[in-house]
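Listing of run.cif; format and content: mmCIF, C-alpha atoms.
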data_run
loop_
_atom_site.label_atom_id
_atom_site.label_comp_id
_atom_site.auth_asym_id
_atom_site.auth_seq_id
_atom_site.Cartn_x
_atom_site.Cartn_y
_atom_site.Cartn_z
CA MET A 922 72.81 4.09 52.78
CA SER A 923 70.50 1.29 51.60
CA ALA A 924 67.54 2.36 49.49
CA GLN A 925 63.97 1.90 50.70
CA LYS A 926 62.22 -0.63 48.44
CA TYR A 927 58.80 -0.38 46.75
CA ASP A 928 56.85 -2.07 44.00
CA THR A 929 56.11 1.22 42.23
CA ILE A 930 57.22 4.81 42.70
CA VAL A 931 55.00 7.58 41.34
CA VAL A 932 56.57 11.01 40.84
CA GLY A 933 54.23 14.01 41.00
CA ALA A 934 51.15 14.67 43.16
CA GLY A 935 48.97 16.45 40.66
CA LEU A 936 45.70 14.80 39.68
CA VAL A 937 47.28 12.40 37.17
CA GLY A 938 50.00 11.22 39.57
CA LEU A 939 47.51 10.92 42.42
CA SER A 940 45.18 8.90 40.20
CA VAL A 941 47.98 6.50 39.23
CA ALA A 942 48.98 6.01 42.87
CA TYR A 943 45.35 5.61 43.97
CA HIS A 944 44.58 3.03 41.27
CA LEU A 945 47.75 1.05 41.97
CA LYS A 946 46.69 0.59 45.60
CA GLN A 947 43.03 0.08 44.80
CA ASN A 948 43.81 -2.58 42.18
CA ASN A 949 46.41 -4.34 44.33
CA PRO A 950 46.14 -3.48 48.04
CA ASP A 951 49.22 -5.59 48.87
CA SER A 952 51.49 -3.59 46.55
CA LYS A 953 53.95 -1.18 48.10
CA VAL A 954 53.58 2.22 46.42
CA LEU A 955 55.41 5.49 47.11
CA LEU A 956 54.25 8.90 45.87
CA ILE A 957 57.01 11.55 45.68
CA GLU A 958 56.22 15.27 45.38
CA LYS A 959 58.61 18.22 45.50
CA GLU A 960 55.98 20.54 46.99
CA ASP A 961 54.58 20.31 50.53
CA ALA A 962 51.04 19.38 49.41
CA VAL A 963 49.04 18.01 46.48
CA ALA A 964 47.76 19.95 43.44
CA LYS A 965 50.01 22.97 43.93
CA HIS A 966 50.26 23.85 40.24
CA GLN A 967 48.19 22.86 37.18
CA SER A 968 45.74 20.69 39.13
CA GLY A 969 45.04 23.50 41.58
CA HIS A 970 45.20 26.44 39.17
CA ASN A 971 42.79 25.40 36.42
CA SER A 972 39.28 26.66 35.74
CA GLY A 973 37.56 23.76 37.49
CA VAL A 974 35.71 22.54 34.40
CA ILE A 975 34.60 18.97 33.77
CA HIS A 976 35.08 18.75 30.00
CA SER A 977 32.71 16.78 27.79
CA GLY A 978 35.19 15.75 25.08
CA ILE A 979 33.49 17.66 22.28
CA TYR A 980 36.64 19.31 20.89
CA TYR A 981 38.98 16.35 20.60
CA LYS A 982 39.96 14.26 17.59
CA PRO A 983 37.87 11.07 17.59
CA GLY A 984 39.92 8.06 18.63
CA SER A 985 42.69 10.13 20.24
CA LEU A 986 43.84 9.41 23.79
CA LYS A 987 42.36 12.78 24.77
CA ALA A 988 38.95 11.92 23.37
CA ARG A 989 38.79 8.38 24.76
CA ASN A 990 40.07 9.26 28.21
CA CYS A 991 38.11 12.48 28.53
CA ILE A 992 34.82 10.69 27.95
CA ALA A 993 35.76 7.77 30.21
CA GLY A 994 37.15 10.19 32.77
CA TYR A 995 33.99 12.28 32.67
CA HIS A 996 31.88 9.37 33.91
CA SER A 997 34.51 8.25 36.43
CA ILE A 998 34.91 11.70 37.93
CA ILE A 999 31.16 12.08 38.51
CA GLU A 1000 31.00 8.68 40.22
CA PHE A 1001 34.03 9.59 42.35
CA ALA A 1002 32.54 12.97 43.29
CA GLU A 1003 29.23 11.36 44.27
CA GLU A 1004 30.91 8.68 46.35
CA HIS A 1005 33.33 10.97 48.17
CA GLY A 1006 31.33 14.17 48.56
CA ILE A 1007 33.31 16.36 46.12
CA PRO A 1008 31.31 19.46 45.16
CA TYR A 1009 30.35 19.42 41.46
CA ASP A 1010 27.58 20.56 39.12
CA ILE A 1011 26.82 19.31 35.59
CA CYS A 1012 25.51 22.67 34.49
CA GLY A 1013 26.16 22.57 30.72
CA LYS A 1014 27.81 25.16 28.50
CA ILE A 1015 27.32 26.91 25.20
CA ILE A 1016 29.92 27.34 22.44
CA VAL A 1017 29.10 30.54 20.55
CA ALA A 1018 29.88 31.64 16.99
CA THR A 1019 29.94 35.44 16.99
CA SER A 1020 30.15 35.74 13.18
CA ALA A 1021 29.22 33.78 10.07
CA ALA A 1022 32.92 33.10 9.44
CA GLU A 1023 33.01 30.89 12.56
CA LEU A 1024 30.09 28.68 11.50
CA PRO A 1025 32.12 26.04 9.60
CA LYS A 1026 34.34 25.54 12.65
CA LEU A 1027 31.28 25.41 14.92
CA ASN A 1028 29.84 22.71 12.69
CA ASP A 1029 33.11 20.75 12.86
CA ILE A 1030 32.97 20.88 16.67
CA TYR A 1031 29.38 19.62 16.63
CA GLU A 1032 30.34 16.72 14.33
CA ARG A 1033 33.27 15.79 16.56
CA GLY A 1034 30.94 15.73 19.54
CA ILE A 1035 28.63 13.32 17.74
CA GLN A 1036 31.56 11.10 16.70
CA ASN A 1037 32.82 11.09 20.30
CA GLY A 1038 29.48 9.76 21.49
CA LEU A 1039 28.00 12.88 23.09
CA THR A 1040 24.22 12.85 23.21
CA ASP A 1041 21.62 15.61 23.45
CA LEU A 1042 23.85 18.25 21.86
CA LYS A 1043 21.63 21.06 20.69
CA ARG A 1044 22.22 23.47 17.82
CA LEU A 1045 21.04 26.98 18.62
CA HIS A 1046 20.31 28.67 15.30
CA SER A 1047 19.51 32.21 16.36
CA LEU A 1048 20.31 34.83 18.96
CA GLU A 1049 16.88 34.22 20.48
CA GLU A 1050 17.65 30.54 21.01
CA ILE A 1051 21.09 31.35 22.43
CA ARG A 1052 19.58 33.78 24.92
CA GLU A 1053 17.25 31.12 26.27
CA TYR A 1054 20.45 29.71 27.84
CA GLU A 1055 22.53 32.86 28.34
CA PRO A 1056 20.44 36.05 28.13
CA HIS A 1057 23.38 38.47 27.79
CA VAL A 1058 25.41 36.72 25.09
CA ALA A 1059 25.91 37.99 21.53
CA GLY A 1060 26.19 35.47 18.70
CA VAL A 1061 24.73 34.13 15.48
CA GLU A 1062 24.66 30.40 16.32
CA ALA A 1063 25.78 28.16 19.17
CA ILE A 1064 25.91 24.62 20.52
CA HIS A 1065 24.53 23.71 23.91
CA VAL A 1066 26.64 20.95 25.52
CA PRO A 1067 24.72 19.49 28.47
CA GLN A 1068 27.56 17.22 29.66
CA THR A 1069 29.96 19.99 30.70
CA GLY A 1070 30.24 20.71 34.41
CA ILE A 1071 32.29 22.31 37.19
CA ILE A 1072 34.03 20.70 40.15
CA ASP A 1073 36.38 21.38 43.07
CA TYR A 1074 39.60 19.78 41.75
CA PRO A 1075 41.72 20.61 44.83
CA ALA A 1076 39.14 18.78 46.96
CA MET A 1077 39.31 15.84 44.58
CA ALA A 1078 43.11 15.79 44.82
CA ALA A 1079 42.92 15.82 48.62
CA ALA A 1080 40.43 12.92 48.53
CA LEU A 1081 42.71 10.87 46.24
CA LEU A 1082 45.64 11.35 48.61
CA ARG A 1083 43.51 10.45 51.62
CA LEU A 1084 42.24 7.25 49.98
CA PHE A 1085 45.72 6.30 48.74
CA GLN A 1086 47.09 6.62 52.26
CA GLN A 1087 44.11 4.77 53.77
CA TYR A 1088 44.91 1.89 51.41
CA GLY A 1089 48.44 1.87 52.83
CA GLY A 1090 50.21 4.01 50.25
CA GLU A 1091 53.14 6.17 51.35
CA ALA A 1092 53.76 9.79 50.36
CA ALA A 1093 57.00 11.77 50.54
CA PHE A 1094 56.45 15.54 50.24
CA GLY A 1095 59.14 18.19 49.94
CA GLU A 1096 61.42 15.87 47.97
CA GLN A 1097 62.56 16.71 44.45
CA VAL A 1098 63.73 13.85 42.24
CA VAL A 1099 67.28 14.56 41.05
CA LYS A 1100 68.39 11.20 39.63
CA ILE A 1101 66.77 8.08 38.19
CA ARG A 1102 68.78 4.99 37.29
CA SER A 1103 67.48 1.74 35.85
CA GLU A 1104 69.36 -1.53 36.35
CA LYS A 1105 67.85 -4.81 35.16
CA ASP A 1106 64.49 -5.01 36.93
CA ASN A 1107 65.09 -2.24 39.46
CA VAL A 1108 64.70 1.53 39.28
CA TYR A 1109 66.76 3.64 41.67
CA VAL A 1110 65.41 7.09 42.53
CA GLU A 1111 67.44 9.73 44.30
CA THR A 1112 65.71 12.79 45.75
CA THR A 1113 67.01 15.83 47.58
CA LYS A 1114 66.48 13.91 50.83
CA ASN A 1115 66.46 10.14 50.26
CA THR A 1116 67.16 7.23 47.94
CA TYR A 1117 64.49 4.71 46.94
CA THR A 1118 64.26 1.65 44.72
CA ALA A 1119 61.28 0.03 43.01
CA ALA A 1120 60.35 -2.50 40.37
CA SER A 1121 58.69 0.23 38.30
CA LEU A 1122 58.33 4.00 38.14
CA VAL A 1123 55.71 6.37 36.73
CA SER A 1124 56.55 10.05 36.35
CA CYS A 1125 53.77 12.63 36.14
CA GLY A 1126 55.89 15.75 36.38
CA GLY A 1127 53.53 18.31 34.85
CA LEU A 1128 55.45 21.52 34.27
CA PHE A 1129 58.70 19.60 34.78
CA SER A 1130 57.75 16.42 32.93
CA ASP A 1131 60.49 16.91 30.33
CA ARG A 1132 63.20 17.34 32.95
CA VAL A 1133 62.10 14.20 34.79
CA ALA A 1134 62.01 12.28 31.49
CA ASN A 1135 65.48 13.60 30.67
CA LEU A 1136 66.82 11.75 33.72
CA THR A 1137 66.36 8.47 31.83
CA GLU A 1138 65.92 9.53 28.19
CA LYS A 1139 69.11 10.94 26.69
CA GLU A 1140 67.31 11.92 23.50
CA ASN A 1141 63.96 13.13 24.83
CA ASP A 1142 62.46 14.91 21.84
CA LEU A 1143 59.87 16.99 23.71
CA ARG A 1144 60.27 20.12 25.78
CA ILE A 1145 57.76 21.93 27.97
CA ILE A 1146 56.96 25.47 26.88
CA PRO A 1147 55.04 27.18 29.72
CA PHE A 1148 52.05 29.37 28.89
CA ARG A 1149 50.45 31.44 31.63
CA GLY A 1150 46.68 31.88 31.61
CA GLU A 1151 45.42 34.94 33.46
CA TYR A 1152 41.86 35.45 34.64
CA TYR A 1153 39.66 38.31 35.72
CA LYS A 1154 36.54 37.89 37.83
CA LEU A 1155 33.23 39.63 37.39
CA ARG A 1156 32.29 41.94 40.23
CA GLU A 1157 29.68 40.35 42.44
CA GLU A 1158 26.98 42.75 41.29
CA LYS A 1159 27.64 41.70 37.66
CA GLU A 1160 27.62 37.94 38.17
CA TYR A 1161 24.01 37.83 36.94
CA LEU A 1162 25.37 38.29 33.40
CA VAL A 1163 26.51 34.64 33.31
CA ARG A 1164 24.39 31.63 34.19
CA ASN A 1165 26.88 28.83 33.58
CA LEU A 1166 29.72 28.45 31.04
CA ILE A 1167 30.14 30.44 27.82
CA TYR A 1168 32.89 29.59 25.31
CA PRO A 1169 33.85 31.07 21.96
CA VAL A 1170 34.60 29.03 18.86
CA PRO A 1171 38.34 28.32 19.22
CA ASP A 1172 40.72 30.19 16.92
CA PRO A 1173 42.08 27.50 14.56
CA SER A 1174 45.33 29.49 14.25
CA PHE A 1175 46.11 29.14 17.98
CA PRO A 1176 45.88 25.89 20.01
CA PHE A 1177 43.93 27.28 22.98
CA LEU A 1178 40.20 27.64 23.64
CA GLY A 1179 40.10 31.44 23.88
CA VAL A 1180 38.76 33.71 26.62
CA HIS A 1181 35.49 32.48 28.08
CA PHE A 1182 33.17 32.85 31.08
CA THR A 1183 33.09 30.15 33.76
CA ARG A 1184 30.88 29.85 36.80
CA MET A 1185 33.01 28.49 39.64
CA ILE A 1186 31.93 25.70 41.98
CA GLN A 1187 32.85 27.82 45.03
CA GLY A 1188 30.95 30.82 43.66
CA GLY A 1189 31.84 33.71 41.38
CA ILE A 1190 32.42 34.05 37.64
CA GLU A 1191 35.85 33.86 36.01
CA ALA A 1192 36.59 35.54 32.69
CA GLY A 1193 39.58 34.38 30.66
CA PRO A 1194 42.18 33.07 30.32
CA ASN A 1195 44.56 34.55 27.82
CA ALA A 1196 47.63 32.48 26.84
CA VAL A 1197 50.95 34.25 27.43
CA LEU A 1198 54.44 32.79 27.18
CA ALA A 1199 55.68 32.44 30.76
CA PHE A 1200 59.30 33.14 31.72
CA LYS A 1201 59.04 30.83 34.74
CA ARG A 1202 57.42 27.42 34.76
CA GLU A 1203 55.70 28.16 38.03
CA GLY A 1204 55.37 31.87 37.36
CA TYR A 1205 51.89 33.15 38.03
CA THR A 1206 52.52 36.87 37.47
CA PHE A 1207 53.87 38.78 34.46
CA SER A 1208 57.07 39.71 36.29
CA ASP A 1209 58.00 36.17 37.42
CA PHE A 1210 61.29 35.10 35.86
CA ASN A 1211 63.57 32.08 36.09
CA PHE A 1212 66.78 32.02 34.07
CA LYS A 1213 66.91 28.24 33.50
CA ASP A 1214 63.24 28.03 32.54
CA THR A 1215 63.64 30.87 30.06
CA GLN A 1216 66.88 29.46 28.69
CA ASP A 1217 65.22 26.07 28.18
CA THR A 1218 62.45 27.73 26.17
CA PHE A 1219 64.65 29.95 24.00
CA SER A 1220 67.29 27.27 23.36
CA TRP A 1221 64.74 24.80 22.01
CA PRO A 1222 64.65 24.87 18.19
CA GLY A 1223 60.94 24.12 18.18
CA PHE A 1224 60.18 27.29 20.12
CA TRP A 1225 61.40 29.55 17.33
CA LYS A 1226 59.22 27.69 14.86
CA ILE A 1227 56.26 28.28 17.17
CA ALA A 1228 57.20 31.96 17.40
CA ALA A 1229 57.28 32.23 13.61
CA LYS A 1230 53.90 30.52 13.30
CA TYR A 1231 52.01 32.09 16.21
CA GLY A 1232 54.06 35.23 16.85
CA LYS A 1233 51.37 37.74 15.87
CA THR A 1234 48.71 35.96 17.89
CA GLY A 1235 51.11 35.60 20.81
CA LEU A 1236 51.86 39.31 20.82
CA GLY A 1237 48.14 39.98 20.94
CA GLU A 1238 47.81 37.69 23.95
CA MET A 1239 50.68 39.51 25.66
CA TYR A 1240 49.06 42.87 24.92
CA ARG A 1241 45.85 41.65 26.56
CA SER A 1242 47.92 40.62 29.57
CA LEU A 1243 49.17 44.18 29.95
CA SER A 1244 45.99 46.00 28.89
CA LYS A 1245 42.76 45.50 30.79
CA ALA A 1246 40.96 47.44 28.05
CA ALA A 1247 42.17 44.95 25.42
CA PHE A 1248 41.15 42.01 27.63
CA THR A 1249 37.70 43.57 28.05
CA LYS A 1250 37.35 44.06 24.30
CA ALA A 1251 38.01 40.34 23.74
CA LEU A 1252 35.29 39.45 26.26
CA GLN A 1253 32.86 41.90 24.65
CA LYS A 1254 32.77 39.77 21.49
CA LEU A 1255 30.79 37.27 23.54
CA MET A 1256 29.12 39.69 25.93
CA PRO A 1257 28.89 43.35 24.84
CA GLU A 1258 27.51 44.46 28.21
CA VAL A 1259 30.76 43.70 30.06
CA GLN A 1260 32.67 46.87 30.84
CA GLU A 1261 36.24 47.32 32.03
CA ASN A 1262 35.17 48.36 35.52
CA ASP A 1263 33.10 45.15 35.83
CA LEU A 1264 36.33 43.13 36.03
CA VAL A 1265 38.57 42.59 39.04
CA PRO A 1266 41.86 40.64 39.06
CA GLY A 1267 41.43 36.88 39.34
CA GLY A 1268 43.83 33.99 39.51
CA ALA A 1269 46.35 32.57 37.05
CA GLY A 1270 47.64 29.20 35.99
CA VAL A 1271 50.56 27.94 33.92
CA ARG A 1272 49.95 25.31 31.26
CA ALA A 1273 52.68 22.77 30.51
CA GLN A 1274 52.61 22.62 26.71
CA ALA A 1275 54.90 20.02 25.16
CA CYS A 1276 56.61 21.03 21.93
CA ASP A 1277 58.77 18.92 19.61
CA ARG A 1278 61.90 20.00 17.74
CA ASN A 1279 59.91 20.83 14.63
CA GLY A 1280 57.71 23.35 16.43
CA ASN A 1281 54.64 21.14 16.77
CA LEU A 1282 52.61 21.80 19.90
CA ILE A 1283 51.67 18.28 21.03
CA ASP A 1284 47.89 18.17 21.20
CA ASP A 1285 47.35 14.68 22.62
CA PHE A 1286 48.47 12.92 25.76
CA ASP A 1287 52.01 11.60 25.35
CA ILE A 1288 52.89 8.59 27.52
CA LEU A 1289 56.35 7.12 26.97
CA ASN A 1290 56.52 3.46 28.06
CA ARG A 1291 60.00 1.99 28.63
CA HIS A 1292 59.29 -1.43 30.18
CA ASN A 1293 59.49 -0.57 33.88
CA ILE A 1294 59.54 3.23 33.52
CA ILE A 1295 56.58 5.24 32.22
CA HIS A 1296 56.88 8.97 31.65
CA VAL A 1297 53.75 11.09 31.16
CA ARG A 1298 55.44 13.69 28.97
CA ASN A 1299 52.34 15.64 27.95
CA ALA A 1300 49.03 15.85 29.79
CA PRO A 1301 47.21 18.90 28.40
CA SER A 1302 43.62 19.86 29.07
CA PRO A 1303 41.42 17.85 29.66
CA ALA A 1304 43.94 16.07 31.91
CA ALA A 1305 42.04 16.96 35.08
CA THR A 1306 38.76 15.62 33.67
CA SER A 1307 40.58 12.56 32.31
CA SER A 1308 42.73 11.94 35.39
CA LEU A 1309 40.91 8.89 36.76
CA ALA A 1310 40.78 7.24 33.33
CA ILE A 1311 44.42 8.09 32.57
CA GLY A 1312 45.50 6.71 35.96
CA GLN A 1313 43.79 3.38 35.26
CA TYR A 1314 45.19 3.34 31.71
CA ILE A 1315 48.75 3.72 33.05
CA CYS A 1316 48.17 0.98 35.64
CA ASP A 1317 47.04 -1.31 32.81
CA GLN A 1318 50.23 -0.43 30.92
CA LEU A 1319 52.32 -1.47 33.92
CA VAL A 1320 50.46 -4.78 34.17
CA GLY A 1321 50.99 -5.32 30.44
CA ASN A 1322 54.70 -4.63 30.84
CA LYS A 1323 54.98 -7.31 33.52
CA ALA A 1324 53.04 -9.79 31.36
CA THR A 1325 55.54 -9.44 28.51
CA VAL A 1326 58.63 -9.99 30.67
#
Same coordinates, now as structure tokens:
Amino acid sequence: MSAQKYDTIVVGAGLVGLSVAYHLKQNNPDSKVLLIEKEDAVAKHQSGHNSGVIHSGIYYKPGSLKARNCIAGYHSIIEFAEEHGIPYDICGKIIVATSAAELPKLNDIYERGIQNGLTDLKRLHSLEEIREYEPHVAGVEAIHVPQTGIIDYPAMAAALLRLFQQYGGEAAFGEQVVKIRSEKDNVYVETTKNTYTAASLVSCGGLFSDRVANLTEKENDLRIIPFRGEYYKLREEKEYLVRNLIYPVPDPSFPFLGVHFTRMIQGGIEAGPNAVLAFKREGYTFSDFNFKDTQDTFSWPGFWKIAAKYGKTGLGEMYRSLSKAAFTKALQKLMPEVQENDLVPGGAGVRAQACDRNGNLIDDFDILNRHNIIHVRNAPSPAATSSLAIGQYICDQLVGNKATV
């Protein structure tokens, strides 16, 4: 059977893959672009299971891909939302130090924000100043970050698909990529249903980014370790406790932002998430299990180095997953008024965290460029915020590849 031919094939219909496909068609309307997705719709996993936050870029190492693309993506996403009627609100957030021991780290975050070009950051030096923004919070000092917002990411994903198809892009849903072969200037892609060929390919596989990369990279040195984040919601009658977004100072011994309070664009207040090792890459409950996913985690030498480094913290996260009382206690550091019976079960998401053989959790975006094949191997938070900028960045990489041929 002869393969259907395209200029570029994009694998994965999360926000990053959709952005790449959208920008390819927007930049060159005559190009023939195919988007392949194993699910039956867009944004079925990370892009549709996150907290809906537009991040400001305050946390990220200056000059990193995360920092540059988060800030560029922040402006792009607001313009896109305005133009296409995506619900959003730049409501601001506070980052709260609950003890004097957290003040040096809070100061570091403030300095990073300044270096990353954020303006109008405000230091809140007392509980009284903090409570002008969030009247029910406990803390000694805080930073108010006016640039942070909330948005409907699933609606944004749907808009990107709609625009891509209006520009003449093609989408194949319900097709899992099982083989990729590169010969000279052609890439051959075999799915569970069809075979395609293209001059170039971009993979944005999210939770399966390592497995897609493995199809062309015999010595791929990164593996995805899935971490599930579980949320509670505040009961409706307790939503008054939170005005906007309230974050703790991140624990420097664990590479996640910690449990926090988030006002959602569709209404309601989320509390969480924790960060629990998941035994299924698309496993949204504690009991979800997949043998291959678990085997891939436990057989990776880097995982055991992570376990040795973060094991105690990880066990605490798992305990909070099983104990609502423990979860409540973690939230009470920020908001003592919250009681266990104020919380009802919320949603969950699974984060695709890339890890190398030495046990390093990859903190930045990792984009592997092999001439006519680009693999997005790691796209951690703030990937959703950065998605429009990252999509354009990858398109520029493809153009650069062609220019060097």
* **Residue with smallest distance to Leu1128 in chain A - pool A:Pro1147, A:Gly1070, A:Gly1280, A:Gly1038, counting only C-alpha atoms** => A:Pro1147
* **Residue nearest Lys1230 in chain A - candidates A:Asn1279, A:Thr1116, A:Ser1302, A:Thr1069, atoms counted: all atoms listed in the file** => A:Asn1279
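Among the candidates A:Met1185, A:Ala942, A:Ile1064, A:Leu1042, the one nearest to Tyr1088 in chain A when counting all atoms listed in the file is A:Ala942.
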* Of the candidates A:Ala1300, A:Cys1276, A:Leu1252, A:Val1110, which shows the shortest atom-to-atom distance to Ile1167 in chain A, using all atoms listed in the file? ->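 Distance minimum relative to Ile1167 in chain A lands on A:Leu1252.
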* Asked: Using only C-alpha atoms, which residue out of A:Ala1228, A:Ala988, A:Val974, A:Val1320 lies closest to Arg1033 in chain A?
  -> A:Ala988
Here's the selection I'm unsure about, the PyMOL selection byres ((chain A and resi 1103) around 10); applied to the file above, which residues does it give, as a tab-separated table (two decimals) with C-alpha atoms, keeping the file's coordinate frame?
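File written: expr-v9.tsv
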chain	number	residue	atom	x	y	z
A	1101	ILE	CA	66.77	8.08	38.19
A	1102	ARG	CA	68.78	4.99	37.29
A	1104	GLU	CA	69.36	-1.53	36.35
A	1105	LYS	CA	67.85	-4.81	35.16
A	1106	ASP	CA	64.49	-5.01	36.93
A	1107	ASN	CA	65.09	-2.24	39.46
A	1108	VAL	CA	64.70	1.53	39.28
A	1109	TYR	CA	66.76	3.64	41.67
A	1110	VAL	CA	65.41	7.09	42.53
A	1118	THR	CA	64.26	1.65	44.72
A	1119	ALA	CA	61.28	0.03	43.01
A	1120	ALA	CA	60.35	-2.50	40.37
A	1121	SER	CA	58.69	0.23	38.30
A	1122	LEU	CA	58.33	4.00	38.14
A	1137	THR	CA	66.36	8.47	31.83
A	1293	ASN	CA	59.49	-0.57	33.88
A	1294	ILE	CA	59.54	3.23	33.52
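Coordinates place CA of Ser1020 in chain A at a distance of 28.1 Å from CA of Gly973 in chain A.
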* Asked: Closest to Val932 in chain A among A:His966, A:Lys959, A:His1005, A:Lys1043, using all atoms listed in the file?
  -> A:Lys959
Residues at most 12 Å from Val1265 in chain A, counting all atoms listed in the file, excluding those fewer than 5 positions away in the same chain, as an mmCIF file with C-alpha atoms, in the coordinates of the input?
data_model
loop_
_atom_site.group_PDB
_atom_site.id
_atom_site.type_symbol
_atom_site.label_atom_id
_atom_site.label_comp_id
_atom_site.auth_asym_id
_atom_site.auth_seq_id
_atom_site.Cartn_x
_atom_site.Cartn_y
_atom_site.Cartn_z
ATOM 1 C CA GLU A 1151 45.420 34.940 33.460
ATOM 2 C CA TYR A 1152 41.860 35.450 34.640
ATOM 3 C CA TYR A 1153 39.660 38.310 35.720
ATOM 4 C CA LYS A 1154 36.540 37.890 37.830
ATOM 5 C CA LEU A 1155 33.230 39.630 37.390
ATOM 6 C CA ARG A 1156 32.290 41.940 40.230
ATOM 7 C CA GLU A 1157 29.680 40.350 42.440
ATOM 8 C CA GLU A 1158 26.980 42.750 41.290
ATOM 9 C CA LYS A 1159 27.640 41.700 37.660
ATOM 10 C CA GLU A 1160 27.620 37.940 38.170
ATOM 11 C CA GLY A 1189 31.840 33.710 41.380
ATOM 12 C CA ILE A 1190 32.420 34.050 37.640
ATOM 13 C CA GLU A 1191 35.850 33.860 36.010
ATOM 14 C CA ALA A 1192 36.590 35.540 32.690
ATOM 15 C CA GLY A 1193 39.580 34.380 30.660
ATOM 16 C CA LYS A 1245 42.760 45.500 30.790
ATOM 17 C CA PHE A 1248 41.150 42.010 27.630
ATOM 18 C CA THR A 1249 37.700 43.570 28.050
ATOM 19 C CA VAL A 1259 30.760 43.700 30.060
ATOM 20 C CA GLN A 1260 32.670 46.870 30.840
#
* To do: Please evaluate the PyMOL selection byres ((chain A and resi 1289) around 10) against the structure above and give the resulting residues as an MDAnalysis selection string.
  => chainID A and resid 1123:1124 1134 1138 1141 1286:1288 1290:1292 1294:1299
Which residues fall under the PyMOL selection byres ((chain A and resi 997) around 12) in this file, as a CSV table (one decimal) with C-alpha atoms, in the frame of the given file?
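To be explicit, this is the file written out as expr05.csv:
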chain,number,residue,atom,x,y,z
A,940,SER,CA,45.2,8.9,40.2
A,975,ILE,CA,34.6,19.0,33.8
A,990,ASN,CA,40.1,9.3,28.2
A,991,CYS,CA,38.1,12.5,28.5
A,992,ILE,CA,34.8,10.7,28.0
A,993,ALA,CA,35.8,7.8,30.2
A,994,GLY,CA,37.2,10.2,32.8
A,995,TYR,CA,34.0,12.3,32.7
A,996,HIS,CA,31.9,9.4,33.9
A,998,ILE,CA,34.9,11.7,37.9
A,999,ILE,CA,31.2,12.1,38.5
A,1000,GLU,CA,31.0,8.7,40.2
A,1001,PHE,CA,34.0,9.6,42.4
A,1002,ALA,CA,32.5,13.0,43.3
A,1003,GLU,CA,29.2,11.4,44.3
A,1004,GLU,CA,30.9,8.7,46.4
A,1305,ALA,CA,42.0,17.0,35.1
A,1306,THR,CA,38.8,15.6,33.7
A,1307,SER,CA,40.6,12.6,32.3
A,1308,SER,CA,42.7,11.9,35.4
A,1309,LEU,CA,40.9,8.9,36.8
A,1310,ALA,CA,40.8,7.2,33.3
A,1311,ILE,CA,44.4,8.1,32.6
A,1312,GLY,CA,45.5,6.7,36.0
A,1313,GLN,CA,43.8,3.4,35.3
